[in-house]
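Heads up, input_12.txt below (compact mmCIF, C-alpha atoms and all ligand atoms):
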# COMPACT_ATOMS: atom_id res chain seq x y z
CA MET A 1 -156.47 -100.85 89.31
CA LEU A 2 -155.43 -98.15 86.86
CA LYS A 3 -157.35 -94.88 86.83
CA GLY A 4 -158.97 -94.09 83.48
CA LYS A 5 -156.80 -91.03 82.95
CA ILE A 6 -153.60 -93.04 83.51
CA GLN A 7 -154.80 -95.86 81.28
CA ASP A 8 -155.54 -93.40 78.46
CA ALA A 9 -152.14 -91.75 78.82
CA LEU A 10 -150.36 -95.12 78.81
CA ASN A 11 -152.32 -96.21 75.75
CA GLU A 12 -151.19 -93.01 74.03
CA GLN A 13 -147.62 -93.95 74.89
CA ILE A 14 -148.14 -97.46 73.50
CA LYS A 15 -148.99 -95.82 70.20
CA ILE A 16 -145.94 -93.57 70.31
CA GLU A 17 -143.61 -96.52 70.97
CA ALA A 18 -145.27 -98.57 68.21
CA GLU A 19 -144.87 -95.66 65.80
CA SER A 20 -141.23 -95.26 66.82
CA SER A 21 -140.68 -98.90 65.95
CA GLN A 22 -142.33 -98.47 62.54
CA ILE A 23 -140.41 -95.27 61.78
CA TYR A 24 -137.07 -96.92 62.59
CA LEU A 25 -138.02 -100.01 60.62
CA ALA A 26 -138.69 -97.83 57.58
CA MET A 27 -135.38 -96.02 58.19
CA ALA A 28 -133.58 -99.38 58.36
CA SER A 29 -135.14 -100.49 55.12
CA TRP A 30 -134.17 -97.23 53.39
CA ALA A 31 -130.58 -97.52 54.64
CA GLU A 32 -130.40 -101.12 53.43
CA THR A 33 -131.51 -100.19 49.93
CA GLU A 34 -128.91 -97.37 49.90
CA GLY A 35 -126.11 -99.86 50.57
CA LEU A 36 -125.67 -98.64 54.14
CA GLY A 37 -125.65 -102.08 55.72
CA GLY A 38 -124.22 -101.06 59.10
CA ALA A 39 -126.74 -98.26 59.62
CA ALA A 40 -129.49 -100.63 58.51
CA GLN A 41 -128.54 -103.21 61.17
CA PHE A 42 -128.36 -100.50 63.84
CA LEU A 43 -131.81 -99.25 62.87
CA TYR A 44 -133.37 -102.73 62.70
CA LYS A 45 -132.11 -103.26 66.24
CA HIS A 46 -133.47 -99.89 67.32
CA SER A 47 -136.84 -100.75 65.82
CA ASP A 48 -136.90 -104.02 67.81
CA GLU A 49 -136.10 -102.12 71.00
CA GLU A 50 -138.99 -99.74 70.43
CA ARG A 51 -141.29 -102.70 69.97
CA MET A 52 -140.05 -104.03 73.30
CA HIS A 53 -140.80 -100.63 74.91
CA MET A 54 -144.33 -100.88 73.51
CA LEU A 55 -144.74 -104.45 74.75
CA LYS A 56 -143.66 -103.55 78.30
CA LEU A 57 -146.40 -100.91 78.37
CA VAL A 58 -149.03 -103.27 76.94
CA GLN A 59 -148.24 -105.84 79.60
CA TYR A 60 -148.10 -103.27 82.39
CA VAL A 61 -151.54 -101.87 81.52
CA ASN A 62 -153.07 -105.35 81.38
CA GLU A 63 -151.36 -106.50 84.57
CA ARG A 64 -152.75 -103.51 86.45
CA GLY A 65 -156.30 -104.43 85.52
CA GLY A 66 -156.53 -102.05 82.57
CA LYS A 67 -156.99 -102.75 78.89
CA ALA A 68 -154.15 -102.05 76.50
CA LEU A 69 -155.14 -100.79 73.07
CA ILE A 70 -153.17 -102.00 70.08
CA PRO A 71 -153.25 -98.98 67.78
CA GLN A 72 -153.53 -98.44 64.07
CA LEU A 73 -150.33 -96.82 62.83
CA SER A 74 -149.63 -94.19 60.23
CA GLN A 75 -147.39 -94.79 57.23
CA PRO A 76 -143.82 -93.82 58.15
CA ASN A 77 -141.63 -91.69 55.91
CA GLU A 78 -139.96 -94.01 53.42
CA SER A 79 -137.00 -92.04 52.15
CA TYR A 80 -134.37 -89.62 53.39
CA LYS A 81 -132.08 -87.11 51.70
CA SER A 82 -129.01 -88.48 53.48
CA LEU A 83 -127.85 -90.36 56.54
CA THR A 84 -127.46 -87.03 58.33
CA ASN A 85 -131.05 -86.14 57.49
CA LEU A 86 -132.16 -89.54 58.77
CA PHE A 87 -130.33 -89.28 62.10
CA GLN A 88 -131.45 -85.68 62.61
CA THR A 89 -135.03 -86.93 62.19
CA LEU A 90 -134.31 -89.73 64.67
CA LEU A 91 -132.88 -87.27 67.21
CA ASN A 92 -135.89 -84.94 66.85
CA HIS A 93 -138.18 -87.91 67.29
CA GLU A 94 -136.43 -89.01 70.48
CA VAL A 95 -136.62 -85.47 71.91
CA MET A 96 -140.36 -85.54 71.22
CA VAL A 97 -140.68 -88.95 72.92
CA SER A 98 -138.79 -87.70 75.99
CA GLY A 99 -141.28 -84.84 76.25
CA GLU A 100 -144.16 -87.31 76.11
CA ILE A 101 -142.61 -89.47 78.84
CA ASN A 102 -142.19 -86.37 81.01
CA ASN A 103 -145.86 -85.51 80.50
CA LEU A 104 -146.79 -89.03 81.54
CA VAL A 105 -144.71 -88.70 84.69
CA ASP A 106 -146.49 -85.41 85.45
CA ILE A 107 -149.90 -87.04 85.04
CA CYS A 108 -148.89 -89.86 87.42
CA LEU A 109 -147.84 -87.36 90.06
CA SER A 110 -151.00 -85.31 89.75
CA GLU A 111 -153.12 -88.49 89.93
CA LYS A 112 -150.98 -89.82 92.81
CA ASP A 113 -150.27 -93.07 90.94
CA TYR A 114 -146.85 -93.79 92.43
CA THR A 115 -146.71 -97.34 91.10
CA THR A 116 -146.94 -96.18 87.49
CA HIS A 117 -144.59 -93.33 88.32
CA ASN A 118 -142.08 -95.90 89.51
CA PHE A 119 -142.62 -98.07 86.41
CA LEU A 120 -141.95 -95.07 84.18
CA GLN A 121 -138.55 -94.33 85.67
CA TRP A 122 -137.09 -96.99 83.38
CA TYR A 123 -138.39 -95.01 80.38
CA VAL A 124 -136.99 -91.76 81.76
CA ALA A 125 -133.51 -93.33 82.00
CA GLU A 126 -133.87 -94.94 78.58
CA GLN A 127 -134.71 -91.62 76.93
CA ILE A 128 -131.62 -89.97 78.41
CA GLU A 129 -129.47 -92.70 76.85
CA GLU A 130 -131.22 -92.66 73.50
CA GLU A 131 -131.00 -88.89 73.15
CA ALA A 132 -127.33 -88.91 74.15
CA LEU A 133 -126.54 -91.61 71.61
CA ALA A 134 -128.42 -89.83 68.82
CA ARG A 135 -126.48 -86.63 69.61
CA THR A 136 -123.16 -88.50 69.51
CA ILE A 137 -124.07 -89.94 66.12
CA MET A 138 -125.02 -86.50 64.82
CA ASP A 139 -121.69 -85.07 66.05
CA LYS A 140 -119.83 -87.81 64.19
CA LEU A 141 -121.84 -87.24 61.02
CA SER A 142 -121.26 -83.52 61.05
CA MET A 143 -117.52 -84.11 61.46
CA ILE A 144 -117.57 -86.49 58.47
CA GLY A 145 -119.58 -84.12 56.27
CA GLU A 146 -119.48 -85.20 52.64
CA ASP A 147 -116.35 -87.32 53.01
CA LYS A 148 -117.08 -90.70 51.40
CA GLY A 149 -114.27 -92.53 53.21
CA GLY A 150 -115.52 -91.20 56.52
CA LEU A 151 -119.05 -92.33 55.73
CA TYR A 152 -117.78 -95.78 54.82
CA LEU A 153 -116.07 -96.10 58.20
CA PHE A 154 -119.09 -94.67 60.00
CA ASP A 155 -121.35 -97.24 58.38
CA ARG A 156 -118.96 -100.04 59.27
CA ASP A 157 -118.68 -98.95 62.93
CA ILE A 158 -122.26 -98.01 63.71
CA GLU A 159 -123.40 -101.60 63.51
CA SER A 160 -121.58 -102.40 66.73
CA ILE A 161 -122.90 -99.39 68.66
CA SER A 162 -125.53 -100.52 71.09
CA ILE A 163 -128.37 -98.17 71.85
CA THR A 164 -128.89 -98.98 75.46
CA VAL A 165 -127.21 -100.90 78.14
CA ASN A 166 -130.27 -101.49 80.23
CA SER A 167 -133.01 -102.33 77.74
CA GLU A 168 -132.23 -106.03 77.58
CA LYS A 169 -132.09 -106.35 81.33
CA GLN A 170 -135.78 -105.90 82.11
FE1 LIG B 1 -138.93 -95.90 73.24
O1 LIG B 1 -137.29 -95.16 73.32
FE2 LIG B 1 -136.92 -94.21 71.74
O2 LIG B 1 -138.43 -93.52 71.33
In structure tokens, what does this structure look like?
Amino acid sequence: MLKGKIQDALNEQIKIEAESSQIYLAMASWAETEGLGGAAQFLYKHSDEERMHMLKLVQYVNERGGKALIPQLSQPNESYKSLTNLFQTLLNHEVMVSGEINNLVDICLSEKDYTTHNFLQWYVAEQIEEEALARTIMDKLSMIGEDKGGLYLFDRDIESISITVNSEKQ
């Protein structure tokens, strides 16, 4: 049975993952309307992955005898100045999410909930990968700068970049 404090913290994380999914969905839609089809596909995929992260938490809370809360979400930002601006926002968001996962891990340790601590290790690993990927993308974009040809190639190639290796496995 989940302790109340752990359940509340996991429900908070459900909201964060759901909001991540919405934010990336709005980013995908913006990219699509800007003619950036590759970036759009990448972001649609990323949005789906965040929904899967949310779902894993919902099911974990319910399986452990708790009650998952499906949250109301805020309206995500609907436009960006540029692709660089969009991916910088994405990177900042992932850094924030990593901090939240670390807080959750701390709470589990202080509450001696080693089962949830173990469950969360998947999220810890996932965040490392997502942050690393977002940083790689930002490095590429800053190399490209304003070069239109470079952006064209970036948009063509990003579609095939996969965010995580392990997210489909669980
Ligand atoms: Fe849920 O992994 Fe990104 O935020």
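Ranking A:Ala28, A:Ala39, A:Val95, A:Leu57 by their shortest atom-to-atom distance to Asp155 of chain A, with only C-alpha atoms included, puts A:Ala39 first.
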* Give the residues close to ligand LIG 1 (chain B), within 7 Å, counting only C-alpha atoms and all ligand atoms; write them as a ChimeraX atom specification. => /A:17,20,50,53,93-94,97,126-127,130
Please provide as an mmCIF file with C-alpha atoms, in the coordinates of the input all residues within 12 Å of Ala40 of chain A, with the sequence filter that same-chain residues fewer than 5 positions apart are discarded (counting all atoms listed in the file).
data_model
loop_
_atom_site.group_PDB
_atom_site.id
_atom_site.type_symbol
_atom_site.label_atom_id
_atom_site.label_comp_id
_atom_site.auth_asym_id
_atom_site.auth_seq_id
_atom_site.Cartn_x
_atom_site.Cartn_y
_atom_site.Cartn_z
ATOM 1 C CA TYR A 24 -137.070 -96.920 62.590
ATOM 2 C CA LEU A 25 -138.020 -100.010 60.620
ATOM 3 C CA ALA A 26 -138.690 -97.830 57.580
ATOM 4 C CA MET A 27 -135.380 -96.020 58.190
ATOM 5 C CA ALA A 28 -133.580 -99.380 58.360
ATOM 6 C CA SER A 29 -135.140 -100.490 55.120
ATOM 7 C CA TRP A 30 -134.170 -97.230 53.390
ATOM 8 C CA ALA A 31 -130.580 -97.520 54.640
ATOM 9 C CA GLU A 32 -130.400 -101.120 53.430
ATOM 10 C CA THR A 33 -131.510 -100.190 49.930
ATOM 11 C CA GLU A 34 -128.910 -97.370 49.900
ATOM 12 C CA GLY A 35 -126.110 -99.860 50.570
ATOM 13 C CA LYS A 45 -132.110 -103.260 66.240
ATOM 14 C CA HIS A 46 -133.470 -99.890 67.320
ATOM 15 C CA SER A 47 -136.840 -100.750 65.820
ATOM 16 C CA LEU A 83 -127.850 -90.360 56.540
ATOM 17 C CA LEU A 86 -132.160 -89.540 58.770
ATOM 18 C CA PHE A 87 -130.330 -89.280 62.100
ATOM 19 C CA ASP A 155 -121.350 -97.240 58.380
ATOM 20 C CA ARG A 156 -118.960 -100.040 59.270
ATOM 21 C CA ASP A 157 -118.680 -98.950 62.930
ATOM 22 C CA ILE A 158 -122.260 -98.010 63.710
ATOM 23 C CA GLU A 159 -123.400 -101.600 63.510
ATOM 24 C CA SER A 160 -121.580 -102.400 66.730
#
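Nearest to Leu43 of chain A of all the residues A:Ile16, A:Val58, A:Cys108, A:Ile23 is A:Ile23, based on all atoms listed in the file.
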* Determine the nearest neighbour of Asp139 of chain A from the options A:Leu91, A:Val124, A:Ile107, A:Leu153, counting all atoms listed in the file. => A:Leu91
